[in-house]
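Raw contents of work_25.cif, mmCIF, C-alpha atoms:
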```
data_structure
loop_
_atom_site.label_atom_id
_atom_site.label_comp_id
_atom_site.auth_asym_id
_atom_site.auth_seq_id
_atom_site.Cartn_x
_atom_site.Cartn_y
_atom_site.Cartn_z
CA MET A 720 88.44 72.80 71.20
CA SER A 721 89.92 74.93 74.00
CA ASP A 722 92.83 73.66 76.02
CA PRO A 723 91.50 73.28 79.60
CA GLN A 724 94.82 74.58 80.87
CA THR A 725 94.16 77.95 79.21
CA VAL A 726 90.50 78.33 80.20
CA SER A 727 90.04 80.85 83.01
CA VAL A 728 87.89 79.28 85.73
CA PRO A 729 86.39 81.93 88.03
CA GLY A 730 87.90 81.74 91.51
CA ARG A 731 90.52 79.17 90.56
CA ILE A 732 93.43 81.16 91.97
CA MET A 733 91.71 82.23 95.19
CA SER A 734 90.56 78.66 95.78
CA ALA A 735 94.09 77.30 95.32
CA GLU A 736 95.60 79.91 97.62
CA MET A 737 93.04 79.27 100.37
CA ALA A 738 93.93 75.59 100.13
CA GLU A 739 97.63 76.38 100.66
CA GLN A 740 97.06 77.82 104.13
CA PRO A 741 97.72 74.69 106.22
CA ALA A 742 101.07 74.27 104.43
CA VAL A 743 101.93 77.95 104.90
CA LEU A 744 101.15 77.77 108.62
CA GLN A 745 103.33 74.67 108.95
CA ARG A 746 106.16 76.39 107.05
CA ILE A 747 106.10 79.32 109.47
CA LEU A 748 106.21 76.99 112.47
CA ASP A 749 109.03 74.88 110.99
CA GLU A 750 111.14 77.46 109.17
CA GLY A 751 110.08 80.90 110.32
CA ALA A 752 109.72 80.50 114.08
CA PRO A 753 113.45 80.47 114.99
CA ALA A 754 114.12 83.71 113.08
CA ILE A 755 111.01 85.33 114.55
CA ARG A 756 112.08 84.44 118.08
CA GLU A 757 115.58 85.81 117.49
CA ILE A 758 114.10 89.14 116.38
CA ALA A 759 111.81 89.11 119.40
CA LYS A 760 114.82 88.48 121.65
CA GLN A 761 116.71 91.45 120.22
CA ILE A 762 113.74 93.80 120.48
CA ALA A 763 112.79 92.62 123.99
CA ALA A 764 116.32 93.48 125.13
CA ARG A 765 115.63 97.10 124.18
CA ASN A 766 112.42 97.13 126.26
CA PRO A 767 110.16 99.35 124.12
CA ARG A 768 107.75 101.37 126.26
CA PHE A 769 104.83 101.16 123.83
CA VAL A 770 103.97 99.80 120.38
CA LEU A 771 102.52 101.47 117.30
CA LEU A 772 101.14 99.40 114.41
CA THR A 773 100.92 100.63 110.83
CA ALA A 774 99.06 98.92 107.99
CA ARG A 775 96.36 99.18 105.33
CA GLY A 776 93.51 96.91 104.19
CA THR A 777 93.75 93.25 105.14
CA SER A 778 97.07 93.86 106.89
CA ASP A 779 95.37 96.50 109.04
CA ASN A 780 93.13 93.76 110.43
CA ALA A 781 96.21 91.66 111.18
CA ALA A 782 97.70 94.70 112.93
CA LEU A 783 94.55 95.07 115.03
CA TYR A 784 94.92 91.42 116.07
CA ALA A 785 98.51 92.18 117.13
CA LYS A 786 97.24 95.14 119.16
CA TYR A 787 95.05 92.78 121.20
CA LEU A 788 97.96 90.37 121.67
CA ILE A 789 100.32 93.12 122.83
CA GLU A 790 97.86 94.66 125.28
CA VAL A 791 96.57 91.35 126.69
CA LEU A 792 99.71 89.20 126.72
CA LEU A 793 102.37 91.87 127.27
CA GLY A 794 100.47 94.52 129.19
CA LYS A 795 101.99 97.21 126.98
CA PRO A 796 99.98 100.07 125.44
CA ALA A 797 99.53 99.68 121.70
CA GLY A 798 97.85 101.77 119.03
CA LEU A 799 97.13 101.93 115.32
CA THR A 800 98.85 104.83 113.57
CA SER A 801 97.40 107.48 111.27
CA MET A 802 100.01 107.61 108.52
CA SER A 803 98.77 110.90 107.11
CA THR A 804 100.00 112.71 110.22
CA THR A 805 103.53 112.19 108.94
CA THR A 806 103.07 111.65 105.18
CA ALA A 807 100.54 114.48 104.59
CA TYR A 808 100.95 116.81 107.57
CA GLY A 809 104.66 116.36 108.22
CA ALA A 810 104.27 115.73 111.96
CA LYS A 811 107.48 114.71 113.74
CA PRO A 812 106.55 112.80 116.92
CA ASP A 813 109.19 111.69 119.40
CA LEU A 814 109.24 107.90 119.03
CA THR A 815 112.24 107.18 121.24
CA ASP A 816 111.91 103.72 122.81
CA CYS A 817 108.78 103.02 120.77
CA LEU A 818 108.39 99.88 118.67
CA VAL A 819 106.73 100.58 115.30
CA ILE A 820 105.48 97.46 113.52
CA THR A 821 104.45 97.89 109.89
CA VAL A 822 102.44 95.05 108.38
CA SER A 823 102.13 94.75 104.62
CA GLN A 824 101.69 91.88 102.20
CA SER A 825 103.75 93.44 99.42
CA GLY A 826 105.81 95.97 101.37
CA GLY A 827 105.46 98.31 98.42
CA SER A 828 102.91 100.97 99.34
CA PRO A 829 104.64 104.39 99.36
CA ASP A 830 102.86 105.67 102.48
CA LEU A 831 103.87 102.61 104.49
CA VAL A 832 107.47 103.01 103.39
CA ALA A 833 107.52 106.76 104.04
CA SER A 834 105.90 106.53 107.49
CA THR A 835 108.24 103.72 108.54
CA LYS A 836 111.27 105.67 107.38
CA ALA A 837 110.01 108.72 109.31
CA ALA A 838 109.43 106.59 112.41
CA ARG A 839 112.97 105.25 112.30
CA GLU A 840 114.35 108.78 111.92
CA ALA A 841 112.21 109.78 114.94
CA GLY A 842 113.96 107.21 117.13
CA ALA A 843 111.64 104.22 116.84
CA ILE A 844 112.60 100.56 116.70
CA THR A 845 111.10 99.55 113.34
CA LEU A 846 109.89 96.10 112.37
CA ALA A 847 108.38 95.21 108.99
CA VAL A 848 106.19 92.12 108.66
CA THR A 849 105.79 91.31 104.96
CA ASN A 850 105.56 88.58 102.36
CA ASN A 851 108.42 90.15 100.40
CA ALA A 852 111.89 90.20 101.96
CA GLY A 853 113.21 92.34 99.12
CA SER A 854 110.52 95.00 99.39
CA PRO A 855 111.16 98.73 99.95
CA LEU A 856 109.47 98.44 103.34
CA ALA A 857 111.81 95.66 104.44
CA GLU A 858 114.78 97.74 103.29
CA VAL A 859 113.89 100.85 105.34
CA SER A 860 113.06 98.86 108.50
CA GLU A 861 115.61 97.88 111.12
CA PHE A 862 114.08 94.40 111.51
CA HIS A 863 112.04 92.29 109.10
CA ILE A 864 109.86 89.19 109.47
CA ASP A 865 109.08 87.23 106.29
CA VAL A 866 105.67 85.53 106.60
CA LEU A 867 106.75 82.88 104.05
CA ALA A 868 103.37 82.64 102.31
CA GLY A 869 104.80 82.39 98.81
CA PRO A 870 103.51 84.42 95.84
CA GLU A 871 99.85 85.43 96.19
CA LYS A 872 98.21 86.10 92.82
CA ALA A 873 94.51 86.40 93.66
CA LEU A 874 93.52 89.97 94.49
CA PRO A 875 91.71 88.97 97.73
CA ALA A 876 94.44 88.23 100.27
CA THR A 877 93.85 84.92 102.06
CA LYS A 878 97.03 82.97 102.81
CA THR A 879 99.02 86.12 103.51
CA TYR A 880 96.45 87.18 106.13
CA THR A 881 96.62 83.98 108.17
CA ALA A 882 100.42 83.95 107.71
CA GLU A 883 100.62 87.48 109.12
CA LEU A 884 98.47 86.47 112.09
CA LEU A 885 100.66 83.50 112.96
CA ALA A 886 103.91 85.43 112.47
CA LEU A 887 102.64 88.24 114.71
CA TYR A 888 101.50 85.75 117.36
CA LEU A 889 104.91 84.05 117.40
CA PHE A 890 106.63 87.44 117.64
CA VAL A 891 104.50 88.59 120.57
CA GLU A 892 104.96 85.23 122.27
CA GLY A 893 108.70 85.70 121.86
CA LEU A 894 108.55 89.20 123.37
CA ARG A 895 106.67 87.78 126.33
CA ASP A 896 109.17 84.98 126.88
CA TYR A 897 112.31 87.08 126.52
CA GLY A 898 110.88 90.10 128.25
CA ASP A 899 110.35 88.18 131.48
CA THR A 900 113.90 87.69 132.78
CA SER A 901 112.66 85.91 135.90
CA GLN A 902 112.26 82.69 133.94
CA PRO A 903 113.91 81.13 130.87
CA PRO A 904 112.11 81.32 127.53
CA VAL A 905 109.54 78.58 126.96
CA GLY A 906 108.58 76.89 123.72
CA ALA A 907 111.90 77.57 122.02
CA GLY A 908 110.56 75.85 118.91
CA GLY A 909 107.96 78.60 118.74
CA GLY A 910 104.23 78.69 119.30
CA SER A 911 103.14 75.89 121.62
CA ALA A 912 99.56 77.13 121.33
CA ALA A 913 99.91 77.20 117.54
CA LYS A 914 101.35 73.76 116.82
CA ALA A 915 97.95 72.18 116.06
CA LEU A 916 96.83 74.98 113.73
CA PRO A 917 97.93 73.49 110.37
CA GLU A 918 96.00 70.27 110.94
CA LEU A 919 92.96 72.10 112.31
CA ALA A 920 93.02 74.51 109.37
CA ALA A 921 93.07 71.62 106.92
CA GLY A 922 90.05 70.11 108.65
CA ILE A 923 88.08 73.37 108.36
CA LEU A 924 88.95 73.89 104.69
CA ALA A 925 87.85 70.32 103.93
CA ARG A 926 84.31 71.30 105.00
CA GLN A 927 83.74 73.62 102.04
CA ALA A 928 80.45 71.91 101.18
CA GLU A 929 79.00 73.17 104.48
CA VAL A 930 79.99 76.71 103.60
CA LYS A 931 78.59 76.38 100.09
CA ALA A 932 75.20 75.50 101.57
CA LEU A 933 75.49 78.45 103.97
CA ALA A 934 76.30 80.77 101.07
CA GLU A 935 72.81 80.35 99.63
CA ARG A 936 71.51 82.54 102.48
CA TYR A 937 73.48 85.50 101.12
CA ARG A 938 73.24 85.09 97.36
CA PHE A 939 70.68 87.90 97.10
CA ALA A 940 71.59 89.81 100.26
CA GLN A 941 71.50 93.60 100.07
CA ARG A 942 73.66 94.17 103.15
CA LEU A 943 75.30 92.31 106.02
CA VAL A 944 76.22 93.04 109.61
CA ILE A 945 79.23 91.20 111.07
CA THR A 946 80.04 91.38 114.76
CA SER A 947 82.37 90.01 117.41
CA ARG A 948 84.36 91.07 120.46
CA GLY A 949 87.90 90.74 121.73
CA TYR A 950 90.22 88.68 119.59
CA GLY A 951 87.31 87.97 117.24
CA TYR A 952 86.80 91.61 116.28
CA PRO A 953 89.69 91.72 113.76
CA THR A 954 88.11 88.61 112.20
CA ALA A 955 84.80 90.46 111.82
CA ARG A 956 86.58 93.32 110.08
CA GLU A 957 88.54 91.03 107.77
CA ALA A 958 85.41 88.99 106.92
CA ALA A 959 83.54 92.18 106.03
CA LEU A 960 86.42 93.31 103.83
CA LYS A 961 86.59 89.97 102.01
CA LEU A 962 82.83 89.93 101.41
CA MET A 963 82.75 93.51 100.16
CA GLU A 964 85.71 93.23 97.81
CA THR A 965 84.56 89.93 96.24
CA THR A 966 80.73 89.88 96.42
CA TYR A 967 80.20 93.69 96.40
CA ILE A 968 77.63 93.29 99.20
CA PRO A 969 77.92 96.15 101.72
CA ALA A 970 79.08 94.50 104.94
CA SER A 971 79.37 96.50 108.17
CA PRO A 972 81.72 95.15 110.86
CA PHE A 973 81.04 96.17 114.46
CA SER A 974 82.44 95.38 117.83
CA GLY A 975 79.53 93.91 119.74
CA ALA A 976 79.82 96.76 122.24
CA ASP A 977 79.63 99.36 119.46
CA LEU A 978 76.70 97.56 117.85
CA LEU A 979 74.65 98.17 121.00
CA HIS A 980 75.52 101.88 120.92
CA GLY A 981 73.11 102.74 118.13
CA PRO A 982 73.67 100.59 115.01
CA LEU A 983 71.52 97.80 116.49
CA ALA A 984 68.54 99.92 115.44
CA MET A 985 69.10 98.96 111.79
CA VAL A 986 68.78 95.25 112.57
CA ASP A 987 65.29 93.79 112.09
CA ASN A 988 63.73 90.36 111.61
CA VAL A 989 65.06 89.99 108.08
CA SER A 990 68.55 91.38 108.68
CA PRO A 991 71.40 88.93 108.03
CA VAL A 992 73.95 89.04 110.84
CA ILE A 993 77.13 86.97 111.12
CA ALA A 994 78.60 86.69 114.62
CA ILE A 995 82.10 85.39 115.30
CA VAL A 996 81.89 84.01 118.83
CA PRO A 997 85.33 83.27 120.36
CA ASP A 998 85.59 80.41 122.81
CA GLY A 999 86.70 82.44 125.81
CA ARG A 1000 86.29 85.88 127.31
CA GLY A 1001 85.48 87.54 124.00
CA GLY A 1002 82.60 85.15 123.47
CA GLU A 1003 81.37 85.71 127.01
CA ALA A 1004 81.38 89.47 126.44
CA LEU A 1005 79.43 88.99 123.20
CA GLN A 1006 76.56 87.03 124.81
CA PRO A 1007 74.36 90.05 125.65
CA VAL A 1008 74.67 91.17 122.03
CA LEU A 1009 73.62 87.73 120.76
CA ASP A 1010 70.63 87.80 123.09
CA ARG A 1011 69.58 91.20 121.74
CA LEU A 1012 70.00 90.05 118.15
CA ARG A 1013 67.89 86.94 118.76
CA GLY A 1014 65.30 89.13 120.48
CA ARG A 1015 65.05 91.27 117.35
CA GLY A 1016 64.53 88.18 115.21
CA ALA A 1017 67.69 88.70 113.17
CA ASP A 1018 68.84 85.98 110.78
CA LEU A 1019 71.82 85.12 112.99
CA VAL A 1020 74.62 82.91 111.68
CA VAL A 1021 77.36 82.02 114.16
CA ILE A 1022 80.97 81.06 113.56
CA GLY A 1023 81.98 79.46 116.86
CA GLN A 1024 81.48 76.48 119.10
CA GLN A 1025 78.74 73.95 118.34
CA SER A 1026 76.59 75.07 121.29
CA GLN A 1027 76.60 78.63 119.94
CA VAL A 1028 75.75 77.43 116.43
CA ASP A 1029 72.84 75.39 117.80
CA ALA A 1030 71.37 78.52 119.42
CA ALA A 1031 71.49 80.49 116.14
CA SER A 1032 69.66 80.34 112.81
CA ALA A 1033 72.64 78.53 111.27
CA GLY A 1034 76.41 78.53 111.46
CA PHE A 1035 79.76 76.81 111.22
CA ALA A 1036 81.19 74.97 114.23
CA LEU A 1037 84.87 75.45 114.97
CA PRO A 1038 87.08 72.92 116.76
CA GLY A 1039 87.22 73.25 120.53
CA GLY A 1040 90.17 73.35 122.88
CA VAL A 1041 92.07 76.06 120.96
CA PRO A 1042 93.53 78.94 123.02
CA GLU A 1043 91.53 82.10 122.41
CA GLU A 1044 94.55 84.14 121.31
CA VAL A 1045 95.12 81.93 118.24
CA GLN A 1046 91.49 81.23 117.36
CA PRO A 1047 91.39 84.11 114.79
CA ILE A 1048 93.72 82.08 112.55
CA LEU A 1049 90.96 79.47 112.29
CA GLU A 1050 87.89 81.75 112.54
CA ILE A 1051 88.63 83.52 109.27
CA LEU A 1052 88.87 80.33 107.19
CA PRO A 1053 85.13 79.55 106.84
CA LEU A 1054 84.54 83.25 106.18
CA GLN A 1055 87.09 83.27 103.35
CA LEU A 1056 85.27 80.27 101.92
CA LEU A 1057 81.96 82.08 102.37
CA ALA A 1058 83.17 85.11 100.42
CA TYR A 1059 84.36 82.80 97.67
CA GLU A 1060 81.14 80.77 97.50
CA VAL A 1061 78.79 83.77 97.60
CA THR A 1062 80.80 85.44 94.84
CA ILE A 1063 80.61 82.34 92.64
CA ALA A 1064 76.87 82.01 93.33
CA ARG A 1065 76.38 85.61 92.22
CA GLY A 1066 78.13 84.92 88.91
CA GLN A 1067 81.27 86.92 89.66
CA ASP A 1068 84.97 86.10 89.68
CA PRO A 1069 86.59 86.35 93.14
CA ASP A 1070 90.06 86.28 91.56
CA ALA A 1071 89.59 89.68 89.96
CA PRO A 1072 87.30 92.06 91.88
CA ARG A 1073 86.55 95.22 89.95
CA ALA A 1074 88.59 98.39 90.56
CA LEU A 1075 91.24 96.64 92.69
CA ALA A 1076 94.99 96.23 92.29
CA LYS A 1077 97.30 93.86 94.14
CA VAL A 1078 99.55 96.67 95.39
CA THR A 1079 97.61 99.76 96.46
CA GLU A 1080 99.92 102.74 96.10
CA THR A 1081 98.54 105.26 98.59
CA HIS A 1082 100.60 108.28 99.62
#
```
Structure translated into structure tokens:
Amino acid sequence: MSDPQTVSVPGRIMSAEMAEQPAVLQRILDEGAPAIREIAKQIAARNPRFVLLTARGTSDNAALYAKYLIEVLLGKPAGLTSMSTTTAYGAKPDLTDCLVITVSQSGGSPDLVASTKAAREAGAITLAVTNNAGSPLAEVSEFHIDVLAGPEKALPATKTYTAELLALYLFVEGLRDYGDTSQPPVGAGGGSAAKALPELAAGILARQAEVKALAERYRFAQRLVITSRGYGYPTAREAALKLMETTYIPASPFSGADLLHGPLAMVDNVSPVIAIVPDGRGGEALQPVLDRLRGRGADLVVIGQQSQVDAASAGFALPGGVPEEVQPILEILPLQLLAYEVTIARGQDPDAPRALAKVTETH
């Protein structure tokens, strides 16, 4: 008879790591926030004129979230870099007074390390945000933020993604506080808008049975469209990535604005569409898109407030009263669960998607 401890249960590791997220978020708030704010204080004193963000995969979606934070909360221009301009083409931009933030779970991808090293040599302030303080990326960067997620063994990144989001939010909040010399820094403990997140995250993850029922809609799906706007757009991209790498269902993420510029034509009355509807300006901007989708008879599932869920075919209601800029940390949780449940329903193992490695060594 087999020892149950040695039997491989599909999805066991991913499930355990998703469940760790409330504890990881609390650890960042309790242990990581002071160090993050100190780094923010030092960088704010150097007053970078703009910000460039560098990342791949899941971390690229976290970087996109940081781009929204920087532009909205700080009023600074921010962009996502094309690493091949330096690693493949040898370009040497002048990055004096520029802050380059490189986000990576492992901190081991050669192109991330090489582009960060080149940015530092070009005069940039370099900050690495990783889950590995001893990584090559951390070593070549001037500053480093450890997201404190602990070892992540499942190939689909879950707890490191939400940890990156919270760490980036706390960093940008620190830049805002220390960058405004007209008033003393507020929330010295870090993240007043984020303090309720661990408890709220635990409440969402406890509702896995709701997501399991929702997953039946997608067990035999041939393709998916996922849409949002504003702070919710990085969530749409990350949800699509999780669904594609675990379920193998082609999932196309679109900004709601981009969806109206042509791709809406592929949506018909049997098309499954998932909409992440932020509670705030992003959700307001998405309303015309939702109206068009309903008008086309799409099978529309909403991740958002209860009133939005009630107006859709189905959905998952998120807790209210959460500031829009930190809602992505909660929005992704039911979508991680959805990727897990659809994968299990399709007879696959979400812990080990085919053709993937934990550290992707691009050059």
### Task
Rounded to one decimal place, report the atom CA of A:Glu1044-atom CA of A:Gly798 distance in Å.
18.1 Å
### Message
Counting all atoms listed in the file, which residue out of A:Val1061, A:Val992, A:Asp1010, A:Pro1069 sits closest to A:Gly1034?
### Response
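Going through A:Val1061, A:Val992, A:Asp1010, A:Pro1069 one by one, the smallest distance to A:Gly1034 is for A:Val992.
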### Message
Take the PyMOL selection byres ((chain A and resi 876) around 9), run it mentally on this structure, and tell me the resulting residues as a VMD selection string.
### Response
chain A and resid 733 736 777 824 871 to 875 877 to 880 961 1077
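This file gives the following result for the PyMOL selection byres ((chain A and resi 893) around 8): Ile755, Arg756, Ala759, Lys760, Leu889, Phe890, Val891, Glu892, Leu894, Arg895, Asp896, Tyr897, Pro904 and Gly909 of chain A.
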### Query
Distance atom CA of A:Gly1001-atom CA of A:Leu983, one decimal place?
18.9 Å
### Of the listed residues A:Glu929, A:Asp813, A:Asp779, A:Glu935, that which approaches A:Gly842 most closely, counting all atoms listed in the file
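The answer is A:Asp813, which sits nearest to A:Gly842.
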Determine, for each residue of stretch 727-751 of chain A having at least one atom at most 10 Å from an atom of stretch 863-868 of chain A, the closest pair of atoms and their separation in Å to one decimal, counting only C-alpha atoms; order by chain and ascending number, as a tab-separated table.
```
residue	atom	partner	partner_atom	distance
A:Glu736	CA	A:Ala868	CA	9.5
A:Glu739	CA	A:Ala868	CA	8.7
A:Gln740	CA	A:Ala868	CA	8.1
A:Ala742	CA	A:Ala868	CA	8.9
A:Val743	CA	A:Ala868	CA	5.5
A:Leu744	CA	A:Ala868	CA	8.3
A:Arg746	CA	A:Leu867	CA	7.2
A:Ile747	CA	A:Leu867	CA	6.5
A:Glu750	CA	A:Leu867	CA	8.7
A:Gly751	CA	A:Leu867	CA	7.4
```
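Relative to atom CA of A:Leu887, atom CA of A:Ser825 is found at 16.2 Å.
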#### Entry: Residue among A:Arg1065, A:Arg926, A:Arg1073, A:Arg1000 lying closest to A:Tyr950, counting all atoms listed in the file
A:Arg1000
### Message
Taking (112.5, 99.3, 105.2) as a centre in this file's frame and 10 Å as the limit, can you find every polymer residue with an atom that close, using only C-alpha atoms, and give them as a list in words?
### Response
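Applying the cut-off with only C-alpha atoms, one gets Thr821, Gly826, Gly827, Leu831, Val832, Ala833, Thr835, Lys836, Arg839, Thr845, Leu846, Ala847, Ala852, Gly853, Ser854, Pro855, Leu856, Ala857, Glu858, Val859, Ser860, Glu861, Phe862 and His863 of chain A.
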### Query
Applied to the shown file, which residues does the PyMOL selection byres ((chain A and resi 936-945) around 10) return, written as number ranges by chain?
A: 931-935, 946-947, 952, 954-959, 962-963, 966-975, 978, 982-983, 985-986, 990-995, 1018-1021, 1033, 1057-1058, 1060-1066
### Query
Counting only C-alpha atoms, which of A:Ala1017, A:Val1008, A:Leu924, A:Ala774 gets nearest to A:Leu1037?
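Nearest to A:Leu1037: A:Leu924.
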### Query
Which of these, A:Lys795, A:Lys786, A:Arg768, A:Arg1015, has the shortest distance to A:Leu818 once you count only C-alpha atoms?
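Closest to A:Leu818 of all the choices is A:Arg768.
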### Message
Counting only C-alpha atoms, which residue out of A:Leu814, A:Met737, A:Ala843, A:Ile1048 sits closest to A:Gly951?
### Response
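Among the listed residues, the smallest separation from A:Gly951 belongs to A:Ile1048.
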